[in-house]
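Reproduced below: upload_22.txt, with compact mmCIF, C-alpha atoms.
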# COMPACT_ATOMS: atom_id res chain seq x y z
CA MET A 697 34.27 -31.16 -10.69
CA SER A 698 38.02 -30.77 -11.01
CA THR A 699 40.29 -30.52 -7.96
CA GLY A 700 41.31 -27.03 -9.04
CA THR A 701 37.71 -25.83 -9.00
CA ILE A 702 37.14 -27.31 -5.54
CA TYR A 703 40.25 -25.57 -4.20
CA HIS A 704 39.06 -22.32 -5.78
CA HIS A 705 35.72 -22.60 -3.90
CA LEU A 706 37.46 -23.60 -0.66
CA ASP A 707 39.69 -20.56 -1.05
CA THR A 708 36.64 -18.32 -1.49
CA LEU A 709 35.17 -19.71 1.74
CA SER A 710 38.49 -19.44 3.61
CA SER A 711 37.10 -17.06 6.25
CA LEU A 712 34.19 -19.38 6.97
CA ILE A 713 35.88 -22.81 6.98
CA GLU A 714 39.23 -24.22 8.07
CA GLN A 715 41.02 -27.54 7.66
CA GLN A 716 41.94 -29.23 10.92
CA ASP A 717 44.51 -31.91 11.82
CA ASP A 718 42.23 -34.77 10.74
CA LYS A 719 42.24 -33.17 7.20
CA LYS A 720 38.49 -32.50 7.44
CA TYR A 721 36.98 -29.05 6.91
CA TYR A 722 35.10 -27.42 9.80
CA LEU A 723 33.25 -24.13 10.22
CA THR A 724 35.29 -21.32 11.75
CA GLU A 725 33.77 -19.17 14.49
CA LEU A 726 32.60 -16.70 11.83
CA GLY A 727 31.28 -19.56 9.69
CA LEU A 728 29.33 -20.93 12.64
CA HIS A 729 27.92 -17.47 13.34
CA ALA A 730 26.88 -17.07 9.70
CA TYR A 731 25.24 -20.50 9.71
CA THR A 732 23.35 -19.83 12.98
CA SER A 733 22.25 -16.44 11.74
CA LEU A 734 20.84 -17.94 8.54
CA ILE A 735 19.02 -20.69 10.43
CA ASP A 736 17.59 -18.29 13.05
CA ASN A 737 16.33 -15.82 10.48
CA LYS A 738 15.13 -18.28 7.88
CA ASP A 739 11.55 -17.02 8.13
CA THR A 740 12.30 -13.32 8.02
CA ILE A 741 15.23 -13.01 5.65
CA ILE A 742 14.22 -11.44 2.40
CA THR A 743 13.73 -14.25 -0.06
CA PRO A 744 13.49 -14.17 -3.83
CA GLU A 745 10.16 -12.47 -3.29
CA PHE A 746 8.04 -13.65 -6.08
CA SER A 747 7.55 -16.88 -7.89
CA LYS A 748 8.77 -16.60 -11.48
CA LYS A 749 5.20 -16.86 -12.69
CA GLU A 750 4.12 -13.97 -10.48
CA PHE A 751 7.11 -11.83 -11.39
CA ASN A 752 6.29 -12.18 -15.08
CA SER A 753 2.74 -10.93 -14.54
CA PRO A 754 2.01 -7.56 -16.18
CA ILE A 755 1.07 -5.91 -12.85
CA LEU A 756 4.34 -6.67 -11.07
CA LYS A 757 6.42 -6.09 -14.18
CA GLY A 758 4.76 -2.71 -14.59
CA LEU A 759 5.22 -1.79 -10.93
CA MET A 760 8.88 -2.82 -11.02
CA HIS A 761 9.37 -0.56 -14.05
CA LEU A 762 7.84 2.30 -12.07
CA THR A 763 10.09 1.68 -9.06
CA PRO A 764 13.18 3.90 -8.77
CA LYS A 765 15.26 0.92 -7.63
CA THR A 766 18.61 2.70 -7.70
CA TYR A 767 17.33 5.33 -5.25
CA ILE A 768 15.85 2.83 -2.79
CA ASN A 769 18.38 0.01 -3.00
CA TYR A 770 21.49 2.18 -2.86
CA GLU A 771 25.06 1.87 -1.64
CA ASN A 772 26.34 4.01 1.22
CA LYS A 773 28.48 6.17 -1.06
CA ARG A 774 25.30 7.36 -2.82
CA THR A 775 23.54 8.37 0.39
CA TYR A 776 23.86 12.12 -0.29
CA SER A 777 22.42 11.97 -3.78
CA VAL A 778 19.52 9.86 -2.47
CA MET A 779 18.93 12.35 0.33
CA ILE A 780 18.91 15.27 -2.12
CA PHE A 781 16.40 13.42 -4.29
CA SER A 782 14.22 12.69 -1.24
CA ILE A 783 14.33 16.30 -0.04
CA LEU A 784 13.45 17.49 -3.53
CA ILE A 785 10.41 15.21 -3.59
CA ALA A 786 9.33 16.40 -0.14
CA LEU A 787 9.69 20.07 -1.16
CA ILE A 788 7.82 19.70 -4.46
CA GLY A 789 5.06 17.78 -2.65
CA SER A 790 4.76 20.40 0.08
CA ILE A 791 4.60 23.30 -2.42
CA PHE A 792 1.85 21.69 -4.48
CA CYS A 793 0.00 20.48 -1.39
CA GLY A 794 -0.13 24.11 -0.22
CA LEU A 795 -1.12 25.39 -3.67
CA ASN A 796 -3.93 22.83 -3.93
CA GLY A 797 -5.11 23.59 -0.38
CA LEU A 798 -5.25 19.93 0.51
CA PHE A 799 -4.87 18.49 4.00
CA PRO A 800 -2.34 15.63 3.85
CA PHE A 801 -2.74 12.56 6.02
CA PHE A 802 -0.44 9.63 5.27
CA LEU A 803 -1.19 8.86 1.63
CA PHE A 804 -4.57 10.60 1.67
CA PHE A 805 -5.51 14.15 0.81
CA ALA A 806 -8.72 15.47 2.24
CA GLU A 807 -10.33 18.42 0.54
CA SER A 808 -13.27 18.49 2.90
CA LEU A 809 -10.92 19.13 5.80
CA THR A 810 -9.69 22.45 4.42
CA ILE A 811 -12.08 24.49 6.49
CA PHE A 812 -10.21 27.70 5.76
CA THR A 813 -10.15 29.64 2.53
CA THR A 814 -7.10 28.38 0.70
CA SER A 815 -6.40 31.77 -0.80
CA GLU A 816 -4.83 32.79 2.49
CA ILE A 817 -1.11 32.38 2.06
CA ILE A 818 -0.55 31.48 5.72
CA ILE A 819 -2.88 28.51 5.40
CA GLN A 820 -1.03 27.41 2.28
CA PHE A 821 2.26 27.57 4.17
CA LEU A 822 0.72 25.63 7.04
CA LEU A 823 -0.48 22.88 4.69
CA ALA A 824 2.97 22.76 3.08
CA PHE A 825 4.58 22.26 6.49
CA LEU A 826 1.95 19.66 7.33
CA PHE A 827 3.03 17.72 4.24
CA ILE A 828 6.62 17.56 5.56
CA GLY A 829 5.36 16.65 9.05
CA ASN A 830 3.15 14.00 7.50
CA ILE A 831 6.19 12.36 5.84
CA LEU A 832 8.03 12.24 9.16
CA LEU A 833 5.00 10.89 11.04
CA TYR A 834 4.43 8.26 8.37
CA PHE A 835 8.09 7.25 8.58
CA LEU A 836 7.95 6.95 12.37
CA ILE A 837 4.85 4.76 12.27
CA ASN A 838 6.33 2.44 9.62
CA GLU A 839 9.65 2.23 11.45
CA GLY A 840 7.80 1.60 14.73
CA LEU A 841 5.66 -1.17 13.26
CA SER A 842 8.72 -2.86 11.70
CA ARG A 843 10.42 -2.78 15.09
CA VAL A 844 7.41 -3.88 17.14
CA ILE A 845 5.98 -6.57 14.88
CA TYR A 846 9.06 -7.92 13.11
CA LYS A 847 11.89 -6.83 15.47
CA LYS A 848 13.71 -5.11 12.61
CA LYS A 849 15.88 -2.37 14.06
CA GLU A 850 18.52 -2.07 11.33
CA ASN A 851 19.03 0.54 8.59
CA THR A 852 16.85 3.22 10.20
CA LEU A 853 18.87 6.07 8.65
CA LYS A 854 19.01 4.38 5.27
CA PHE A 855 15.25 3.89 5.42
CA LEU A 856 14.74 7.55 6.43
CA ALA A 857 17.05 8.85 3.68
CA SER A 858 15.00 7.14 0.97
CA PHE A 859 11.61 7.38 2.67
CA ALA A 860 10.32 10.52 0.92
CA ILE A 861 10.75 8.72 -2.41
CA ILE A 862 7.52 6.85 -1.73
CA PHE A 863 5.75 10.22 -2.05
CA PHE A 864 7.01 10.63 -5.61
CA PRO A 865 3.73 9.34 -7.16
CA LEU A 866 1.73 11.66 -4.91
CA ASP A 867 3.84 14.60 -6.14
CA ILE A 868 2.77 13.74 -9.68
CA TYR A 869 -0.85 13.53 -8.51
CA LEU A 870 -0.60 16.93 -6.79
CA VAL A 871 0.90 18.55 -9.89
CA LEU A 872 -1.84 17.04 -12.09
CA ARG A 873 -4.51 18.18 -9.67
CA PHE A 874 -3.07 21.68 -9.61
CA ILE A 875 -3.24 21.79 -13.41
CA LEU A 876 -6.86 20.56 -13.32
CA THR A 877 -7.79 23.12 -10.66
CA SER A 878 -6.08 26.07 -12.32
CA THR A 879 -7.67 25.31 -15.70
CA GLY A 880 -11.08 25.02 -14.04
CA SER A 881 -11.49 21.42 -15.27
CA LEU A 882 -12.17 20.15 -11.77
CA ASP A 883 -15.61 21.79 -11.86
CA PHE A 884 -16.79 19.10 -14.27
CA SER A 885 -18.14 16.00 -12.54
CA TYR A 886 -16.39 13.61 -14.93
CA ILE A 887 -13.06 15.24 -14.23
CA ARG A 888 -13.72 14.94 -10.50
CA VAL A 889 -14.25 11.20 -10.97
CA LEU A 890 -11.01 11.06 -12.97
CA ASP A 891 -9.31 12.94 -10.12
CA ASN A 892 -10.55 10.33 -7.63
CA VAL A 893 -9.40 7.46 -9.84
CA LEU A 894 -5.99 9.09 -10.30
CA MET A 895 -5.62 9.49 -6.54
CA ILE A 896 -6.40 5.79 -6.01
CA LEU A 897 -3.88 4.68 -8.65
CA PHE A 898 -1.11 6.97 -7.38
CA GLN A 899 -1.83 5.84 -3.80
CA VAL A 900 -1.39 2.20 -4.84
CA TRP A 901 1.88 3.12 -6.58
CA SER A 902 3.06 4.84 -3.40
CA LEU A 903 2.02 1.83 -1.33
CA TRP A 904 4.10 -0.36 -3.62
CA LEU A 905 7.14 1.92 -3.21
CA LEU A 906 6.66 1.76 0.57
CA THR A 907 6.48 -2.03 0.40
CA TYR A 908 9.62 -2.20 -1.75
CA ASN A 909 11.46 0.22 0.53
CA LEU A 910 10.51 -1.80 3.63
CA SER A 911 11.63 -5.05 2.04
CA ILE A 912 14.96 -3.62 0.87
CA ASN A 913 15.96 -1.39 3.77
CA LYS A 914 14.26 -3.12 6.70
CA LYS A 915 15.01 -6.58 5.26
CA LEU A 916 11.40 -7.66 5.51
CA LYS A 917 9.86 -10.31 3.32
CA ILE A 918 7.63 -8.78 0.67
CA GLU A 919 4.52 -10.29 2.29
CA ASN A 920 5.43 -8.79 5.67
CA SER A 921 6.15 -5.41 4.05
CA LEU A 922 2.71 -5.52 2.46
CA ILE A 923 1.14 -6.28 5.85
CA VAL A 924 2.85 -3.21 7.39
CA SER A 925 1.76 -1.03 4.43
CA LEU A 926 -1.78 -2.38 4.68
CA LEU A 927 -2.05 -1.79 8.42
CA VAL A 928 -0.70 1.77 8.21
CA HIS A 929 -2.78 2.68 5.17
CA TYR A 930 -6.10 1.45 6.54
CA GLY A 931 -5.26 2.63 10.04
CA GLY A 932 -4.75 6.07 8.50
CA PHE A 933 -8.03 5.76 6.65
CA SER A 934 -9.90 4.94 9.86
CA ILE A 935 -8.42 8.01 11.56
CA ILE A 936 -9.23 10.34 8.66
CA LEU A 937 -12.76 8.96 8.63
CA LEU A 938 -13.20 9.64 12.34
CA ILE A 939 -11.80 13.17 11.91
CA SER A 940 -14.10 13.90 8.99
CA ILE A 941 -17.10 12.66 10.96
CA MET B 455 -6.55 -26.33 12.79
CA THR B 456 -9.37 -28.67 11.80
CA ILE B 457 -11.51 -25.85 10.43
CA LYS B 458 -8.83 -25.14 7.81
CA LYS B 459 -9.32 -28.63 6.38
CA TYR B 460 -12.91 -27.87 5.50
CA LEU B 461 -12.86 -24.15 4.81
CA ASP B 462 -10.67 -22.21 2.40
CA PHE B 463 -10.22 -18.79 3.97
CA ARG B 464 -9.64 -17.32 0.52
CA LEU B 465 -13.42 -17.48 0.22
CA LEU B 466 -13.61 -14.58 2.70
CA GLY B 467 -12.64 -12.16 -0.04
CA LEU B 468 -15.04 -13.75 -2.48
CA VAL B 469 -17.92 -13.38 0.00
CA GLY B 470 -16.81 -9.80 0.79
CA SER B 471 -16.73 -8.81 -2.88
CA ILE B 472 -20.15 -10.36 -3.51
CA LEU B 473 -21.59 -8.54 -0.47
CA LEU B 474 -20.23 -5.26 -1.83
CA ILE B 475 -21.74 -5.89 -5.27
CA ILE B 476 -25.09 -6.90 -3.76
CA SER B 477 -25.09 -3.84 -1.48
CA GLN B 478 -25.30 -1.64 -4.59
CA PHE B 479 -28.78 -3.02 -5.27
CA LEU B 480 -30.09 -3.05 -1.68
CA SER B 481 -31.66 -0.12 0.09
CA TRP B 482 -29.30 2.34 1.80
CA PHE B 483 -31.35 5.39 2.76
CA SER B 484 -35.13 5.92 2.69
CA GLY B 485 -35.62 2.63 0.89
CA LEU B 486 -33.44 3.76 -2.03
CA SER B 487 -30.63 1.63 -3.37
CA LEU B 488 -27.31 3.19 -4.40
CA LEU B 489 -28.15 2.47 -8.01
CA THR B 490 -31.41 4.39 -7.67
CA ILE B 491 -29.62 7.25 -5.91
CA TYR B 492 -27.07 7.29 -8.76
CA ILE B 493 -29.82 7.46 -11.39
CA LEU B 494 -31.65 10.19 -9.45
CA THR B 495 -28.54 12.31 -8.92
CA THR B 496 -27.47 11.90 -12.54
CA SER B 497 -30.90 12.95 -13.80
CA VAL B 498 -30.77 16.20 -11.81
CA ALA B 499 -27.09 16.67 -12.74
CA ILE B 500 -25.80 16.69 -9.19
CA GLU B 501 -22.01 16.63 -9.02
CA ASP B 502 -20.18 13.49 -7.98
CA SER B 503 -23.09 11.17 -8.77
CA PHE B 504 -20.48 8.69 -10.04
CA LEU B 505 -19.36 8.23 -6.45
CA TYR B 506 -22.48 6.17 -5.83
CA LEU B 507 -21.16 3.54 -8.22
CA PHE B 508 -17.86 3.16 -6.38
CA PRO B 509 -18.96 0.27 -4.07
CA LEU B 510 -19.99 -1.68 -7.19
CA ILE B 511 -16.66 -0.91 -8.90
CA CYS B 512 -14.81 -1.88 -5.70
CA GLY B 513 -16.74 -5.16 -5.48
CA ILE B 514 -15.98 -6.06 -9.11
CA ILE B 515 -12.25 -5.23 -8.85
CA CYS B 516 -11.87 -7.15 -5.57
CA LEU B 517 -13.78 -10.07 -7.07
CA VAL B 518 -11.21 -10.20 -9.89
CA GLY B 519 -8.40 -10.01 -7.30
CA ASN B 520 -9.87 -12.89 -5.33
CA LEU B 521 -10.50 -15.04 -8.38
CA VAL B 522 -6.84 -14.58 -9.29
CA VAL B 523 -5.65 -15.93 -5.93
CA ILE B 524 -8.24 -18.72 -5.87
CA TYR B 525 -7.06 -19.75 -9.35
CA ASN B 526 -3.43 -19.88 -8.22
CA ILE B 527 -2.02 -18.96 -4.78
CA GLU B 528 1.30 -18.09 -6.47
CA TYR B 529 -0.32 -14.87 -7.68
CA LYS B 530 -0.90 -13.59 -4.17
CA ILE B 531 1.06 -10.33 -4.54
CA ASN B 532 -0.87 -9.53 -7.72
CA SER B 533 -4.11 -10.30 -5.94
CA VAL B 534 -3.23 -8.03 -3.01
CA ILE B 535 -2.38 -5.15 -5.35
CA ILE B 536 -5.67 -5.58 -7.24
CA ASN B 537 -7.49 -5.62 -3.88
CA PHE B 538 -5.66 -2.42 -2.87
CA ILE B 539 -7.00 -0.71 -5.99
CA GLY B 540 -10.50 -2.05 -5.35
CA LEU B 541 -10.57 -1.00 -1.70
CA GLY B 542 -9.24 2.43 -2.76
CA PHE B 543 -12.57 3.06 -4.51
CA PHE B 544 -14.48 2.09 -1.39
CA LEU B 545 -12.32 4.31 0.82
CA ILE B 546 -12.90 7.33 -1.43
CA PHE B 547 -16.64 6.57 -1.42
CA ILE B 548 -16.75 6.33 2.38
CA ILE B 549 -14.64 9.47 2.91
CA GLU B 550 -16.84 11.49 0.56
CA ILE B 551 -20.22 10.04 1.49
CA ILE B 552 -20.11 9.55 5.26
CA PRO B 553 -19.60 13.24 6.18
CA ARG B 554 -22.23 14.21 3.58
CA GLU B 555 -24.85 11.75 4.85
CA LEU B 556 -23.78 11.84 8.48
CA LEU B 557 -27.21 12.79 9.81
CA TYR B 558 -28.80 9.84 8.05
CA ILE B 559 -26.25 7.19 9.12
CA PRO B 560 -28.32 6.08 12.17
CA TYR B 561 -31.18 5.38 9.75
CA ALA B 562 -28.98 3.55 7.23
CA GLU B 563 -30.50 0.35 5.89
CA ILE B 564 -29.21 -3.11 5.02
CA GLY B 565 -27.16 -2.06 1.96
CA PHE B 566 -24.89 0.13 4.08
CA TYR B 567 -24.17 -2.70 6.51
CA PHE B 568 -23.59 -5.18 3.68
CA SER B 569 -20.96 -2.88 2.20
CA ILE B 570 -19.19 -2.33 5.54
CA VAL B 571 -19.13 -6.07 6.31
CA GLY B 572 -17.94 -6.76 2.74
CA SER B 573 -15.03 -4.34 2.99
CA ILE B 574 -13.98 -5.74 6.38
CA LEU B 575 -14.05 -9.28 4.96
CA ILE B 576 -11.85 -8.15 2.05
CA PHE B 577 -9.41 -6.54 4.51
CA PHE B 578 -9.10 -9.80 6.47
CA ASP B 579 -8.83 -11.74 3.24
CA ILE B 580 -5.80 -9.64 2.21
CA LEU B 581 -4.18 -10.35 5.59
CA ASN B 582 -4.98 -14.05 5.21
CA ILE B 583 -3.49 -14.18 1.70
CA LEU B 584 -0.30 -12.50 2.90
CA LEU B 585 0.03 -14.81 5.90
CA THR B 586 -0.60 -17.94 3.85
CA LYS B 587 2.58 -19.87 3.12
CA HIS B 588 2.76 -21.91 -0.05
CA GLU B 589 5.28 -24.48 -1.20

Is it possible to express this structure as structure tokens?
Amino acid sequence: MSTGTIYHHLDTLSSLIEQQDDKKYYLTELGLHAYTSLIDNKDTIITPEFSKKEFNSPILKGLMHLTPKTYINYENKRTYSVMIFSILIALIGSIFCGLNGLFPFFLFFAESLTIFTTSEIIIQFLLAFLFIGNILLYFLINEGLSRVIYKKKENTLKFLASFAIIFFPLDIYLVLRFILTSTGSLDFSYIRVLDNVLMILFQVWSLWLLTYNLSINKKLKIENSLIVSLLVHYGGFSIILLISI
Amino acid sequence: MTIKKYLDFRLLGLVGSILLIISQFLSWFSGLSLLTIYILTTSVAIEDSFLYLFPLICGIICLVGNLVVIYNIEYKINSVIINFIGLGFFLIFIIEIIPRELLYIPYAEIGFYFSIVGSILIFFDILNILLTKHE
């Protein structure tokens, strides 16, 4: 390596290293802090998440294609556009949740829990509000688990601003379900099976978006994000099961 | 831990998936297996009879997920996502079936318990996969 190149790199690191009287380079206070921070957080810092082999697999490639990366991993100057997108997703979800007469709970929708006749407009409004409340509750639980288990307290607002984006797949599911219901297709048993399969697939997509959001905004390793998603999802399932019993 | 030298915990998921598949053919209620219930409900055209096949579908999907991670631990994220899809089928089955058959749950037979144990094993297998560090 030429001397010029070395001086270029030393110049780039000028805030982190300094040359002292003995002509040797030492870490500055900031450099020392950066070094200590890297060492202390070696296990929790987000790493290149996947092995190359895994990243090239069709499942992850497909999921990464379906991930709105620019809306989750965004710069501060784009916060407002991300928030508008999130609010839009929440509103569309709440409208179709009300129209379908489904009771939302985390990433689940329980038809059997709609004990009222869904034709009543007040009930539809109530379910729509429940959808918004569900997003907030889901956010609080994920944020809480990240703080309690992994001591990640940063980027709460950034995480909140992009949180509703994980409900984007469920919006698509709700719209599809509304189409199936309004055309009367849902009365056929095969279509009901298709509806169940669609819900599972869109739930998994949402879970992936949650995992990605946690790893980007809460700086969790992808494995740890998946653990949080898993715990919340199956915790939610256990609760919905108890309620339905 | 010494036990880790002799036992690969990835086998938990394999055992869980096999239990779920086997449960399809064991008796659940009144000596009837889920497969028999599926055939009966299909023959009298009862809605949602396909639901009774969901534990089998779940078992097969999770088996694929576990074989992937046993083949190569580097595919652990893929395996977890496949397991998520598989367990999704079981969750839908439980949510739909348990309230419907609530009165008969105390009289549930071995197949029901096999499926519950299987799904719990798969859950712990996912946690184990995610907590496993590889070079």

Find the residues around Phe463 in chain B up to 9 Å (all atoms listed in the file counted), leave out those fewer than 6 positions away in its own chain, and share them as a short mmCIF file (atom, residue, chain, number, x, y, z; two decimals) with C-alpha atoms, keeping the file's coordinate frame.
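Written out: part.cif:
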data_model
loop_
_atom_site.label_atom_id
_atom_site.label_comp_id
_atom_site.auth_asym_id
_atom_site.auth_seq_id
_atom_site.Cartn_x
_atom_site.Cartn_y
_atom_site.Cartn_z
CA ASP B 579 -8.83 -11.74 3.24
CA ASN B 582 -4.98 -14.05 5.21
CA ILE B 583 -3.49 -14.18 1.70
#

(request) Go through B:Ile580, B:Ser484, B:Ser533, B:Arg464 and flag the residue nearest Pro560 in chain B, using all atoms listed in the file for the distances. (result) B:Ser484

(message) Quick one: residues within 8 Å of range 568-572 of chain B, all atoms listed in the file, excluding same-chain residues fewer than 4 positions away - as a list in words?
(response)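 Listed by chain and then number, they are Val469, Gly470, Ser471, Ile472, Leu473, Leu474, Ile476, Ser477, Pro509, Ile564 and Ile576 of chain B.
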
(message) Could you list, as a PyMOL selection string, every residue within 12 Å of range 551-553 of chain B, counting all atoms listed in the file and ignoring same-chain residues fewer than 6 positions away?
(response) (chain A and resi 806+808-809+936-941) or (chain B and resi 482+488+502-509+543-545+559-560+562+566+570)

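Counting all atoms listed in the file, the residue from A:Gln716, A:Val893, A:Ser711, A:Ser858 that sits nearest to His729 in chain A is A:Ser711.
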
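Note that the spacing between CA of Thr766 in chain A and CA of Phe835 in chain A amounts to 19.9 Å.
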
(request) Take CA of Ala857 in chain A and CA of Ser782 in chain A and report the distance between them in Å, one decimal. (result) 6.9 Å

For range 848-856 of chain A, which lacks atoms in the input, supply all heavy atoms and format the output as a compact mmCIF listing (two decimals), keeping the file's coordinate frame.
# COMPACT_ATOMS: atom_id res chain seq x y z
N LYS A 848 12.70 -5.56 13.57
CA LYS A 848 13.71 -5.11 12.61
C LYS A 848 14.20 -3.72 13.01
O LYS A 848 13.49 -2.73 12.81
CB LYS A 848 13.13 -5.07 11.20
CG LYS A 848 12.76 -6.42 10.65
CD LYS A 848 14.00 -7.21 10.31
CE LYS A 848 13.67 -8.52 9.65
NZ LYS A 848 14.85 -9.33 9.40
N LYS A 849 15.38 -3.66 13.58
CA LYS A 849 15.88 -2.37 14.06
C LYS A 849 16.97 -1.79 13.16
O LYS A 849 17.44 -0.68 13.39
CB LYS A 849 16.44 -2.54 15.48
CG LYS A 849 15.37 -2.92 16.48
CD LYS A 849 15.93 -3.12 17.86
CE LYS A 849 14.82 -3.53 18.82
NZ LYS A 849 15.31 -3.88 20.14
N GLU A 850 17.38 -2.53 12.12
CA GLU A 850 18.52 -2.07 11.33
C GLU A 850 18.12 -1.04 10.27
O GLU A 850 16.95 -0.86 9.98
CB GLU A 850 19.20 -3.27 10.65
CG GLU A 850 18.35 -4.00 9.63
CD GLU A 850 17.65 -5.21 10.22
OE1 GLU A 850 17.05 -5.07 11.31
OE2 GLU A 850 17.69 -6.28 9.60
N ASN A 851 19.15 -0.36 9.75
CA ASN A 851 19.03 0.54 8.59
C ASN A 851 18.02 1.67 8.77
O ASN A 851 17.42 2.11 7.78
CB ASN A 851 18.65 -0.26 7.33
CG ASN A 851 19.77 -1.14 6.86
OD1 ASN A 851 20.92 -0.93 7.24
ND2 ASN A 851 19.45 -2.13 6.07
N THR A 852 17.84 2.15 9.98
CA THR A 852 16.85 3.22 10.20
C THR A 852 17.19 4.46 9.37
O THR A 852 16.31 5.04 8.72
CB THR A 852 16.79 3.58 11.69
OG1 THR A 852 16.45 2.40 12.40
CG2 THR A 852 15.75 4.64 11.97
N LEU A 853 18.49 4.85 9.38
CA LEU A 853 18.87 6.07 8.65
C LEU A 853 18.76 5.88 7.14
O LEU A 853 18.34 6.79 6.43
CB LEU A 853 20.29 6.48 9.03
CG LEU A 853 20.42 7.12 10.42
CD1 LEU A 853 21.86 7.42 10.75
CD2 LEU A 853 19.57 8.38 10.52
N LYS A 854 19.11 4.68 6.70
CA LYS A 854 19.01 4.38 5.27
C LYS A 854 17.54 4.43 4.82
O LYS A 854 17.22 4.94 3.76
CB LYS A 854 19.61 2.99 5.02
CG LYS A 854 20.27 2.84 3.70
CD LYS A 854 20.95 1.51 3.56
CE LYS A 854 21.32 1.33 2.09
NZ LYS A 854 21.66 -0.03 1.74
N PHE A 855 16.69 3.90 5.69
CA PHE A 855 15.25 3.89 5.42
C PHE A 855 14.72 5.33 5.39
O PHE A 855 13.96 5.71 4.50
CB PHE A 855 14.56 3.07 6.51
CG PHE A 855 13.09 2.85 6.32
CD1 PHE A 855 12.56 2.49 5.09
CD2 PHE A 855 12.21 2.99 7.39
CE1 PHE A 855 11.20 2.29 4.92
CE2 PHE A 855 10.85 2.78 7.23
CZ PHE A 855 10.35 2.44 5.99
N LEU A 856 15.18 6.15 6.35
CA LEU A 856 14.74 7.55 6.43
C LEU A 856 15.21 8.33 5.19
O LEU A 856 14.45 9.11 4.62
CB LEU A 856 15.28 8.20 7.71
CG LEU A 856 14.98 9.68 7.89
CD1 LEU A 856 13.49 9.93 7.98
CD2 LEU A 856 15.66 10.24 9.14
